[in-house]
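Source file: input.cif; contents: mmCIF, C-alpha atoms.
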data_start
loop_
_atom_site.label_atom_id
_atom_site.label_comp_id
_atom_site.auth_asym_id
_atom_site.auth_seq_id
_atom_site.Cartn_x
_atom_site.Cartn_y
_atom_site.Cartn_z
CA MET H 1 27.55 1.37 14.59
CA SER H 2 27.57 4.03 17.26
CA MET H 3 25.18 3.86 20.16
CA ALA H 4 24.51 7.58 20.15
CA ASN H 5 21.11 9.06 19.57
CA THR H 6 18.91 6.40 21.11
CA SER H 7 17.12 8.94 23.25
CA GLY H 8 14.30 9.49 20.80
CA ILE H 9 15.46 13.00 19.98
CA ASP H 10 15.41 13.47 16.28
CA ALA H 11 18.76 14.20 14.70
CA SER H 12 17.14 16.41 12.07
CA GLY H 13 16.91 19.17 14.62
CA ARG H 14 14.31 21.06 16.50
CA ARG H 15 11.55 21.37 13.98
CA ASP H 16 10.51 17.72 13.92
CA ASP H 17 11.03 17.39 17.60
CA GLU H 18 8.83 20.39 18.27
CA TRP H 19 5.94 18.70 16.41
CA SER H 20 6.49 15.38 18.12
CA LEU H 21 6.29 17.09 21.53
CA CYS H 22 3.21 18.95 20.38
CA LEU H 23 1.56 15.72 19.28
CA LEU H 24 2.33 14.17 22.67
CA LYS H 25 0.44 17.03 24.30
CA VAL H 26 -2.45 16.45 21.90
CA ALA H 27 -2.45 12.84 23.16
CA GLU H 28 -3.22 14.30 26.60
CA SER H 29 -6.22 16.14 25.13
CA ASP H 30 -4.47 19.53 25.10
CA ARG H 31 -6.60 21.67 22.76
CA ASP H 32 -4.10 24.51 22.52
CA ALA H 33 -1.46 22.09 21.32
CA PHE H 34 -3.99 20.73 18.83
CA ALA H 35 -4.70 24.22 17.47
CA LYS H 36 -0.97 24.78 17.03
CA LEU H 37 -0.58 21.48 15.22
CA PHE H 38 -3.60 22.33 13.07
CA LYS H 39 -2.14 25.68 12.00
CA HIS H 40 1.00 23.99 10.76
CA PHE H 41 -0.36 20.79 9.21
CA ALA H 42 -3.83 21.74 7.94
CA PRO H 43 -2.37 23.89 5.10
CA LEU H 44 -0.14 20.95 4.07
CA ILE H 45 -3.07 18.52 4.13
CA LYS H 46 -5.08 20.94 2.03
CA ALA H 47 -2.20 21.16 -0.45
CA PHE H 48 -2.02 17.35 -0.47
CA ALA H 49 -5.74 17.16 -1.32
CA LEU H 50 -5.45 19.82 -4.04
CA ASN H 51 -2.53 17.94 -5.60
CA GLY H 52 -4.54 14.74 -5.78
CA SER H 53 -7.37 13.66 -8.06
CA ALA H 54 -10.00 16.19 -9.10
CA LEU H 55 -12.40 14.47 -6.73
CA ALA H 56 -10.09 14.86 -3.74
CA ALA H 57 -9.35 18.46 -4.72
CA ALA H 58 -13.05 19.30 -4.75
CA HIS H 59 -13.29 18.03 -1.17
CA ALA H 60 -10.04 19.49 0.14
CA GLU H 61 -11.40 21.06 3.32
CA GLU H 62 -13.44 17.99 4.09
CA LEU H 63 -10.21 16.01 3.93
CA VAL H 64 -8.50 18.52 6.24
CA GLN H 65 -11.28 18.05 8.79
CA GLU H 66 -11.29 14.28 8.52
CA VAL H 67 -7.51 13.95 8.87
CA MET H 68 -7.23 16.38 11.81
CA ILE H 69 -10.07 14.68 13.70
CA LYS H 70 -8.32 11.32 13.16
CA VAL H 71 -5.10 12.88 14.48
CA TRP H 72 -6.95 13.88 17.65
CA GLN H 73 -8.55 10.45 18.05
CA LYS H 74 -5.41 8.44 17.34
CA ALA H 75 -2.85 10.66 19.11
CA SER H 76 -2.67 8.40 22.17
CA GLY H 77 -1.19 5.69 19.95
CA TYR H 78 1.61 7.93 18.69
CA ASN H 79 5.13 6.91 19.72
CA PRO H 80 7.81 9.56 19.01
CA GLN H 81 10.54 6.93 19.16
CA LYS H 82 9.13 5.21 16.12
CA ALA H 83 8.16 8.02 13.80
CA ALA H 84 8.39 11.76 13.36
CA ALA H 85 5.06 13.53 13.84
CA SER H 86 5.10 14.55 10.18
CA THR H 87 5.41 10.95 8.95
CA TRP H 88 2.66 9.84 11.30
CA ILE H 89 0.33 12.59 10.07
CA TYR H 90 1.25 12.03 6.42
CA THR H 91 0.24 8.35 6.59
CA ILE H 92 -3.13 9.30 8.08
CA ALA H 93 -3.60 11.83 5.26
CA ARG H 94 -2.65 9.23 2.62
CA ASN H 95 -5.10 6.71 4.07
CA CYS H 96 -7.94 9.23 4.35
CA ARG H 97 -7.37 10.54 0.82
CA THR H 98 -7.45 6.99 -0.57
CA ASP H 99 -10.60 6.06 1.36
CA MET H 100 -12.27 9.33 0.42
CA TYR H 101 -11.55 8.79 -3.27
CA ARG H 102 -13.10 5.31 -3.17
CA ARG H 103 -16.05 6.58 -1.16
CA LEU H 104 -16.74 9.41 -3.62
CA GLN H 105 -16.54 6.96 -6.49
CA LYS H 106 -19.07 4.81 -4.67
CA PHE H 107 -16.76 1.83 -4.43
CA ASP H 108 -18.57 -0.99 -2.69
CA THR H 109 -15.67 -2.54 -0.84
CA PRO H 110 -15.09 -4.49 2.37
CA VAL H 111 -11.50 -3.18 2.47
CA SER H 112 -10.37 0.13 3.98
CA ALA H 113 -7.02 1.90 3.73
CA ASP H 114 -6.14 0.81 7.26
CA ASP H 115 -6.42 -2.82 6.11
CA ILE H 116 -4.19 -2.24 3.13
CA TRP H 117 -1.50 -0.41 5.08
CA PRO H 118 -1.56 -2.07 8.48
CA GLU H 119 0.56 -0.50 11.19
CA VAL H 120 3.03 -3.26 11.67
CA GLU H 121 5.60 -1.76 13.98
CA SER H 122 8.72 -3.38 15.15
CA GLU H 123 9.15 -3.42 18.90
CA GLU H 124 12.91 -3.36 18.62
CA LEU H 125 14.63 -0.14 19.50
CA PHE H 126 17.37 -0.93 17.00
CA ILE H 127 14.85 -0.80 14.15
CA ALA H 128 13.29 2.39 15.49
CA VAL H 129 16.71 4.08 15.54
CA GLN H 130 17.36 2.87 12.00
CA GLN H 131 14.06 4.33 10.87
CA LYS H 132 14.86 7.70 12.38
CA ARG H 133 18.17 7.67 10.52
CA ASP H 134 16.42 6.71 7.28
CA ALA H 135 14.07 9.66 7.70
CA VAL H 136 16.91 12.14 8.20
CA ARG H 137 18.89 10.76 5.27
CA ILE H 138 15.89 10.73 2.94
CA LYS H 139 15.16 14.37 3.69
CA GLU H 140 18.74 15.44 3.08
CA MET H 141 19.23 13.38 -0.05
CA LEU H 142 15.91 14.40 -1.54
CA GLU H 143 17.21 17.93 -1.94
CA GLN H 144 20.17 16.64 -3.92
CA LEU H 145 18.14 14.58 -6.37
CA PRO H 146 18.14 15.83 -9.97
CA HIS H 147 14.85 17.57 -10.79
CA GLU H 148 13.99 14.98 -13.45
CA GLN H 149 13.90 12.34 -10.71
CA SER H 150 12.28 14.26 -7.85
CA GLN H 151 9.59 15.59 -10.19
CA ILE H 152 8.47 12.01 -10.82
CA LEU H 153 8.38 11.16 -7.12
CA VAL H 154 6.23 14.24 -6.49
CA LYS H 155 3.79 13.10 -9.16
CA VAL H 156 3.60 9.57 -7.75
CA TYR H 157 3.33 10.46 -4.05
CA MET H 158 1.61 13.83 -4.00
CA GLU H 159 -0.49 13.68 -7.17
CA GLY H 160 -1.23 9.98 -6.78
CA LYS H 161 -0.30 9.11 -10.35
CA SER H 162 0.74 5.64 -11.51
CA HIS H 163 4.02 5.34 -13.40
CA SER H 164 2.09 5.10 -16.68
CA GLU H 165 0.12 8.25 -15.86
CA VAL H 166 3.37 10.06 -15.03
CA ALA H 167 4.84 8.92 -18.36
CA GLU H 168 1.82 10.33 -20.13
CA ALA H 169 1.84 13.62 -18.19
CA LEU H 170 5.54 14.22 -18.86
CA ASP H 171 5.45 12.80 -22.38
CA LEU H 172 8.17 10.26 -21.56
CA PRO H 173 8.42 6.56 -22.36
CA LEU H 174 7.29 4.37 -19.43
CA GLY H 175 10.74 2.75 -19.33
CA THR H 176 12.35 6.14 -18.70
CA VAL H 177 10.01 6.87 -15.80
CA LYS H 178 10.74 3.47 -14.27
CA SER H 179 14.49 3.83 -14.60
CA ARG H 180 14.47 7.35 -13.12
CA VAL H 181 12.54 6.03 -10.12
CA ARG H 182 15.06 3.22 -9.74
CA LEU H 183 17.92 5.73 -9.89
CA ALA H 184 16.21 7.87 -7.26
CA MET H 185 15.75 4.82 -5.00
CA LYS H 186 19.44 4.07 -5.33
CA LYS H 187 20.47 7.63 -4.46
CA LEU H 188 18.12 7.72 -1.49
CA GLN H 189 19.40 4.25 -0.50
CA LEU H 190 15.88 2.85 -0.43
CA MET H 191 15.12 -0.81 -1.04
CA ALA H 192 17.56 -3.51 -1.99
CA GLU H 193 18.23 -3.68 -5.72
CA ARG H 194 15.50 -5.71 -7.36
CA MET K 1 12.31 -17.66 3.35
CA ILE K 2 10.73 -15.32 0.82
CA ASN K 3 12.60 -15.24 -2.49
CA TYR K 4 10.29 -13.37 -4.84
CA HIS K 5 9.24 -9.78 -4.21
CA PRO K 6 7.28 -7.00 -5.91
CA ASP K 7 9.43 -4.70 -8.04
CA THR K 8 10.26 -1.03 -7.48
CA ARG K 9 7.28 0.27 -9.45
CA LEU K 10 4.76 -1.86 -7.59
CA LEU K 11 6.14 -0.97 -4.16
CA ASN K 12 6.14 2.75 -4.95
CA GLU K 13 2.62 2.66 -6.34
CA TYR K 14 1.47 0.64 -3.32
CA ALA K 15 3.08 3.04 -0.81
CA SER K 16 1.71 6.12 -2.53
CA GLY K 17 -1.82 4.74 -2.80
CA THR K 18 -1.98 4.74 -6.59
CA LEU K 19 -2.14 0.98 -7.09
CA PRO K 20 -5.62 -0.43 -7.85
CA LEU K 21 -7.41 -1.93 -4.86
CA ALA K 22 -7.18 -5.64 -5.77
CA GLN K 23 -3.45 -5.32 -6.51
CA SER K 24 -2.92 -3.39 -3.26
CA VAL K 25 -4.54 -6.20 -1.30
CA CYS K 26 -2.15 -8.66 -2.94
CA LEU K 27 0.87 -6.46 -2.07
CA SER K 28 -0.38 -6.00 1.47
CA LEU K 29 -0.63 -9.76 1.90
CA HIS K 30 2.94 -10.20 0.67
CA LEU K 31 4.10 -7.69 3.31
CA ASN K 32 2.35 -9.84 5.85
CA TYR K 33 4.98 -12.51 5.16
CA CYS K 34 7.96 -10.38 4.18
CA GLU K 35 10.04 -8.40 6.68
CA GLN K 36 12.24 -6.95 3.93
CA CYS K 37 9.32 -5.43 2.02
CA ARG K 38 7.71 -4.15 5.23
CA ARG K 39 10.89 -2.23 5.86
CA SER K 40 10.97 -0.92 2.28
CA HIS K 41 7.41 0.21 2.69
CA GLN K 42 8.24 2.06 5.90
CA GLN K 43 11.07 3.85 4.12
CA LEU K 44 8.78 4.77 1.25
CA GLN K 45 6.31 6.24 3.73
CA GLN K 46 9.15 8.41 5.00
CA LEU K 47 9.84 9.45 1.43
CA GLY K 48 6.17 10.35 1.02
CA SER K 49 6.31 12.28 4.25
CA ALA K 50 9.41 14.23 3.14
CA LEU K 51 7.63 15.18 -0.10
CA PHE K 52 4.51 16.10 1.88
CA GLU K 53 6.49 18.56 4.00
CA GLU K 54 7.82 20.21 0.84
CA LEU K 55 4.34 21.06 -0.47
CA SER K 56 3.55 24.73 -0.55
CA PRO K 57 1.01 25.29 2.25
CA GLN K 58 -2.49 26.32 1.20
CA GLN K 59 -4.41 28.80 3.30
CA VAL K 60 -7.03 27.18 5.52
CA ASP K 61 -9.73 29.45 6.89
CA ASP K 62 -9.99 29.83 10.69
CA SER K 63 -13.58 28.68 10.47
CA VAL K 64 -12.32 25.19 9.56
CA LEU K 65 -10.32 25.05 12.78
CA ARG K 66 -13.38 26.16 14.75
CA THR K 67 -15.49 23.47 13.07
CA VAL K 68 -12.89 20.81 13.82
CA LEU K 69 -12.54 21.94 17.46
CA SER K 70 -16.31 21.69 17.87
CA ARG K 71 -16.25 18.15 16.47
CA LEU K 72 -13.44 16.81 18.66
CA ASP K 73 -15.79 15.37 21.23
CA GLU K 74 -17.69 13.33 18.69
CA GLU K 75 -17.41 9.63 19.28
CA PRO K 76 -14.95 8.06 16.86
CA GLU K 77 -16.66 6.03 14.17
CA PRO K 78 -16.53 2.43 15.22
CA LEU K 79 -13.96 0.51 13.23
CA ARG K 80 -15.86 -1.42 10.63
CA TYR K 81 -13.76 -4.48 11.22
CA SER K 82 -12.25 -3.98 14.61
CA ASN K 83 -9.29 -6.34 14.76
CA ASP K 84 -11.41 -9.40 14.18
CA LYS K 85 -9.32 -12.20 15.57
CA ALA K 86 -7.96 -14.49 12.94
CA ALA K 87 -9.62 -17.86 13.30
CA ASN K 88 -6.63 -19.50 11.69
CA ASP K 89 -3.22 -18.04 12.44
CA ASP K 90 -1.64 -19.45 9.29
CA CYS K 91 -3.99 -17.51 7.07
CA PRO K 92 -3.73 -13.69 6.93
CA ALA K 93 -6.71 -11.90 8.53
CA LEU K 94 -7.36 -9.76 5.45
CA ILE K 95 -7.87 -12.76 3.19
CA GLN K 96 -10.07 -14.45 5.79
CA ARG K 97 -12.28 -11.38 5.75
CA LEU K 98 -12.52 -11.38 1.95
CA MET K 99 -13.45 -15.07 2.08
CA HIS K 100 -15.94 -14.60 4.92
CA GLY K 101 -14.44 -17.65 6.55
CA SER K 102 -11.98 -20.32 5.57
CA TYR K 103 -10.93 -22.02 2.34
CA GLU K 104 -13.38 -24.84 3.01
CA ASP K 105 -16.36 -22.44 3.10
CA LEU K 106 -15.73 -21.12 -0.41
CA GLU K 107 -17.55 -22.11 -3.51
CA TRP K 108 -14.90 -23.55 -5.81
CA LYS K 109 -15.47 -23.88 -9.54
CA ASN K 110 -13.50 -26.32 -11.63
CA ILE K 111 -11.24 -25.03 -14.37
CA SER K 112 -10.15 -28.61 -14.90
CA LYS K 113 -10.54 -31.71 -12.72
CA LYS K 114 -7.63 -30.72 -10.54
CA VAL K 115 -7.61 -26.93 -10.73
CA HIS K 116 -10.28 -24.91 -8.95
CA ILE K 117 -11.05 -21.21 -8.77
CA SER K 118 -13.01 -19.04 -6.37
CA ARG K 119 -13.42 -15.35 -7.21
CA LEU K 120 -13.63 -12.91 -4.30
CA HIS K 121 -15.31 -9.52 -4.08
CA THR K 122 -12.87 -6.67 -3.33
CA GLY K 123 -14.81 -3.74 -4.80
CA ASP K 124 -12.24 -3.34 -7.61
CA VAL K 125 -14.20 -3.63 -10.84
CA ASP K 126 -11.15 -3.53 -13.12
CA ASN K 127 -9.15 -6.32 -11.53
CA GLU K 128 -10.29 -9.85 -10.91
CA PHE K 129 -9.20 -11.18 -7.50
CA ALA K 130 -9.36 -14.96 -7.29
CA LEU K 131 -8.06 -17.86 -5.27
CA TYR K 132 -6.75 -20.86 -7.19
CA ARG K 133 -6.51 -24.31 -5.66
CA ILE K 134 -4.25 -26.65 -7.57
CA ASP K 135 -4.36 -30.26 -6.39
CA ALA K 136 -1.00 -31.74 -5.39
CA GLY K 137 1.08 -32.38 -8.48
CA ALA K 138 -1.46 -30.89 -10.90
CA SER K 139 -0.88 -28.02 -13.36
CA ILE K 140 -2.75 -25.04 -14.68
CA PRO K 141 -2.68 -25.55 -18.48
CA LYS K 142 -0.03 -23.53 -20.30
CA HIS K 143 -1.23 -19.96 -20.76
CA THR K 144 -0.17 -16.42 -21.59
CA HIS K 145 -1.59 -13.15 -20.33
CA ARG K 146 -3.22 -10.28 -22.14
CA GLY K 147 -2.41 -7.96 -19.25
CA THR K 148 -0.68 -8.28 -15.89
CA GLU K 149 -1.06 -11.18 -13.48
CA LEU K 150 0.00 -10.91 -9.84
CA THR K 151 0.32 -14.15 -7.89
CA LEU K 152 0.89 -14.74 -4.17
CA VAL K 153 1.29 -18.20 -2.67
CA LEU K 154 -0.84 -18.75 0.45
CA GLU K 155 -0.42 -22.49 0.98
CA GLY K 156 1.82 -25.17 -0.46
CA GLY K 157 4.05 -24.28 -3.39
CA PHE K 158 4.27 -24.41 -7.16
CA SER K 159 6.84 -24.25 -9.91
CA ASP K 160 6.81 -22.92 -13.44
CA GLU K 161 9.36 -22.48 -16.22
CA GLU K 162 11.10 -19.70 -14.27
CA GLY K 163 11.28 -20.86 -10.68
CA HIS K 164 9.86 -22.47 -7.59
CA TYR K 165 7.58 -20.52 -5.27
CA GLU K 166 6.63 -21.03 -1.63
CA VAL K 167 4.26 -19.38 0.84
CA GLY K 168 4.61 -15.58 0.75
CA ASP K 169 6.38 -15.44 -2.63
CA PHE K 170 5.07 -12.75 -4.96
CA ILE K 171 5.20 -13.11 -8.73
CA MET K 172 4.28 -10.69 -11.51
CA ARG K 173 3.78 -11.91 -15.07
CA ASP K 174 3.19 -9.66 -18.07
CA ALA K 175 1.57 -10.25 -21.41
CA GLN K 176 3.43 -12.73 -23.59
CA GLN K 177 5.09 -14.60 -20.73
CA GLN K 178 3.89 -18.15 -21.16
CA HIS K 179 3.87 -20.53 -18.22
CA THR K 180 2.52 -23.78 -16.78
CA PRO K 181 2.28 -23.50 -12.98
CA THR K 182 2.54 -26.95 -11.35
CA ALA K 183 1.82 -27.63 -7.68
CA THR K 184 4.33 -29.60 -5.63
CA GLN K 185 3.61 -33.31 -5.21
CA ASP K 186 3.23 -33.32 -1.43
CA ARG K 187 0.22 -31.06 -0.98
CA ASP K 188 -2.42 -28.84 -2.61
CA CYS K 189 -1.37 -25.31 -3.47
CA ILE K 190 -3.56 -22.28 -2.82
CA CYS K 191 -2.61 -18.97 -4.34
CA ILE K 192 -4.08 -15.57 -5.13
CA GLY K 193 -4.24 -14.44 -8.72
CA VAL K 194 -5.03 -10.83 -9.60
CA LEU K 195 -5.75 -10.24 -13.27
CA ASP K 196 -6.46 -7.04 -15.21
CA ALA K 197 -7.29 -9.00 -18.38
CA PRO K 198 -8.25 -12.60 -19.05
CA ILE K 199 -5.58 -15.26 -19.44
CA ARG K 200 -5.27 -17.14 -22.72
CA PHE K 201 -4.63 -20.87 -22.86
CA THR K 202 -2.07 -21.81 -25.51
CA ASP K 203 -2.41 -25.59 -25.30
CA TRP K 204 -4.68 -26.76 -28.17
CA LYS K 205 -6.75 -28.90 -25.79
CA TYR K 206 -7.86 -25.82 -23.88
CA ARG K 207 -7.90 -23.13 -26.57
CA ALA K 208 -11.59 -23.64 -27.16
CA ILE K 209 -12.23 -22.24 -23.65
CA ASN K 210 -10.51 -18.90 -24.37
CA PRO K 211 -13.56 -17.01 -25.65
CA PHE K 212 -15.36 -17.90 -22.42
CA LEU K 213 -12.68 -16.67 -20.03
CA ARG K 214 -14.23 -13.33 -19.35
CA LEU K 215 -12.76 -11.32 -16.50
CA GLN K 216 -15.04 -11.42 -13.48
CA ALA K 217 -13.97 -8.52 -11.33
CA SER K 218 -16.19 -7.25 -8.56
#

Mind turning the file's structure into structure tokens?
Amino acid sequence: MSMANTSGIDASGRRDDEWSLCLLKVAESDRDAFAKLFKHFAPLIKAFALNGSALAAAHAEELVQEVMIKVWQKASGYNPQKAAASTWIYTIARNCRTDMYRRLQKFDTPVSADDIWPEVESEELFIAVQQKRDAVRIKEMLEQLPHEQSQILVKVYMEGKSHSEVAEALDLPLGTVKSRVRLAMKKLQLMAER
Amino acid sequence: MINYHPDTRLLNEYASGTLPLAQSVCLSLHLNYCEQCRRSHQQLQQLGSALFEELSPQQVDDSVLRTVLSRLDEEPEPLRYSNDKAANDDCPALIQRLMHGSYEDLEWKNISKKVHISRLHTGDVDNEFALYRIDAGASIPKHTHRGTELTLVLEGGFSDEEGHYEVGDFIMRDAQQQHTPTATQDRDCICIGVLDAPIRFTDWKYRAINPFLRLQAS
């Protein structure tokens, strides 16, 4: 294993790094940096809401507001060595969308999304470097996935559908959906074979 | 050493937020014990993030930015459960919160003389979330499932026809799989069971109970 690239600069190039730097400025309460971040990510968060359940879609701009305010409040905890800005913002959006859905359905629950997906971060630099590499590889490999596999991942992650719901939507047997996901995991080199 | 893990479907549905609440809590508790699955989950979040960046951006009106900017100075909502310190380090904080205390504080009902159940409120009305306490050496009578059963060992260990499970191990059983979980001889076993349909006892001695095993999800 080479020791290169431990500086925290993302190997995927400038784009990610630009947003990480921007987020660091937001952490110092820089409102101009926040507006810049907003202009880039708010339209993605809105798309994420519109892709989700009908309930989330009906409250898309509310979700945009909620996520971006959380970004502002939590920015001081952001560490660019551990995650790209986009991953950090995506997880906030996922958590908010999940909580919002349960709130709108009037779930009476003592559990919030932050409890279900705790931020357990490894302190080891080695792991952080690994994670950065994973992120770069996943992005590259995702483009090479056959459509029949990536289409399913989009439905699971962006539309929030279970594997059975995906099977129904695409008129495929559940077994086929499961095996395509497994194939995609293998190609993306995610998870040990189970 | 954790030997039994959630499968690919469960991990993907957990990471994407599509898994029902009670099942997500069970997965989350497994991650609490399992480094390997924590890492898988982190990778799946990166996958989600890569897909997120590929979405086609939807126009957001400038007025939304102005509204957000005007709200930035609002005090953050206090965390509802701000890192409440775990009273007992061996027991995950999330389960302590659902129990409102420790195992001793719960109201346990007897399934048999040596098997006890305590159902916990998660807010998921489709999935029953319960703790089972099996006295050392005792068994849950042989049963099958009408739906899916997720199990996570919290204390002690148990064995069934397919293996032996220790703290942190995660097991999924589907309809038709018949088993007789038996706690190890040396100590009581406590585990979580998440059910989306009632179990069905197959042993003739217990069959009469079946009609009364209604799911109690809350």

Report task. Could you list, as a PyMOL selection string, the residues of chain H having an atom within 7 Å of chain K when counting all atoms listed in the file? Result -> chain H and resi 42-44+46-47+65+69+73+86-87+90+98+107-111+116-117+134-135+138-139+154+156-158+160-162+178+182+190-191+194

Any chance you could export the current selection's C-alpha atoms as a short mmCIF file (atom, residue, chain, number, x, y, z; two decimals), in the frame of the given file?
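Final file, out12.cif:
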data_model
loop_
_atom_site.label_atom_id
_atom_site.label_comp_id
_atom_site.auth_asym_id
_atom_site.auth_seq_id
_atom_site.Cartn_x
_atom_site.Cartn_y
_atom_site.Cartn_z
CA ALA H 42 -3.83 21.74 7.94
CA PRO H 43 -2.37 23.89 5.10
CA LEU H 44 -0.14 20.95 4.07
CA LYS H 46 -5.08 20.94 2.03
CA ALA H 47 -2.20 21.16 -0.45
CA GLN H 65 -11.28 18.05 8.79
CA ILE H 69 -10.07 14.68 13.70
CA GLN H 73 -8.55 10.45 18.05
CA SER H 86 5.10 14.55 10.18
CA THR H 87 5.41 10.95 8.95
CA TYR H 90 1.25 12.03 6.42
CA THR H 98 -7.45 6.99 -0.57
CA PHE H 107 -16.76 1.83 -4.43
CA ASP H 108 -18.57 -0.99 -2.69
CA THR H 109 -15.67 -2.54 -0.84
CA PRO H 110 -15.09 -4.49 2.37
CA VAL H 111 -11.50 -3.18 2.47
CA ILE H 116 -4.19 -2.24 3.13
CA TRP H 117 -1.50 -0.41 5.08
CA ASP H 134 16.42 6.71 7.28
CA ALA H 135 14.07 9.66 7.70
CA ILE H 138 15.89 10.73 2.94
CA LYS H 139 15.16 14.37 3.69
CA VAL H 154 6.23 14.24 -6.49
CA VAL H 156 3.60 9.57 -7.75
CA TYR H 157 3.33 10.46 -4.05
CA MET H 158 1.61 13.83 -4.00
CA GLY H 160 -1.23 9.98 -6.78
CA LYS H 161 -0.30 9.11 -10.35
CA SER H 162 0.74 5.64 -11.51
CA LYS H 178 10.74 3.47 -14.27
CA ARG H 182 15.06 3.22 -9.74
CA LEU H 190 15.88 2.85 -0.43
CA MET H 191 15.12 -0.81 -1.04
CA ARG H 194 15.50 -5.71 -7.36
#

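The space between CA of Lys186 (chain H) and CA of Gln176 (chain K) spans 29.5 Å.
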
Query raised in the report: Hey, which of K:Leu106, K:Ala197, K:Ser139, K:Thr202 ends up closest to Gln216 (chain K)? Count all atoms listed in the file.
Result: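 Between K:Leu106, K:Ala197, K:Ser139, K:Thr202, the residue approaching Gln216 (chain K) most closely is K:Ala197.
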
Query - Residues in the PyMOL selection byres ((chain K and resi 149-151) around 12), expressed as a ChimeraX atom specification - result: /K:4-7,10,22-27,29-30,127-132,143-148,152-154,157-158,165-179,181,190-200

Requested in this report: Compile the contact shell of Ser76 (chain H) as a count of residues only: residues with an atom at most 10 Å away, counting all atoms listed in the file, same-chain residues fewer than 3 positions apart removed.
Outcome: 11

Report task. Give the answer as one residue: which of H:Met68, H:Glu18, H:Ala58, H:Arg97 has the shortest atom-to-atom distance to Phe34 (chain H), using all atoms listed in the file? Result -> H:Met68

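Distances to Cys34 (chain K) were evaluated for K:Ser63, K:Asn210, K:Ile95, K:Met1 using all atoms listed in the file, and the minimum falls at K:Met1.
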
Query raised in the report: Which distance in Å separates CA of Ala57 (chain H) and CA of Ile89 (chain H), to one decimal?
Result: 18.6 Å

Query raised in the report: Which residues come within 7 Å of region 142-152 of chain H, counting all atoms listed in the file, excluding same-chain residues fewer than 6 positions away, as a list in words?
Result: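 Selected residues are Val166, Arg180, Val181 and Ala184 of chain H.
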
If I wrap all listed atoms of region 202-213 of chain K in a box with edges along x, y and z and add 4 Å on each side, what are its centre and edge lengths in Å to one decimal, as JSON?
{"center_x": -8.7, "center_y": -22.8, "center_z": -24.1, "size_x": 21.3, "size_y": 20.2, "size_z": 16.1}

Query raised in the report: Expressed in Å to a single decimal, how great is the separation between CA of Ile111 (chain K) and CA of Asp160 (chain K)?
Result: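 Spanning CA of Ile111 (chain K) to CA of Asp160 (chain K) is a straight-line distance of 18.2 Å.
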
Report task. Tell me which residues the PyMOL selection byres ((chain H and resi 131) around 10) grabs here, as a PyMOL selection string. Result -> (chain H and resi 81-84+125-130+132-137) or (chain K and resi 39+42-43+46)

Requested in this report: Between H:Asp32, H:Lys155, H:Glu140, H:Lys187, single out the one closest to Ala169 (chain H), counting only C-alpha atoms.
Outcome: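 Of the candidates, the smallest distance to Ala169 (chain H) is held by H:Lys155.
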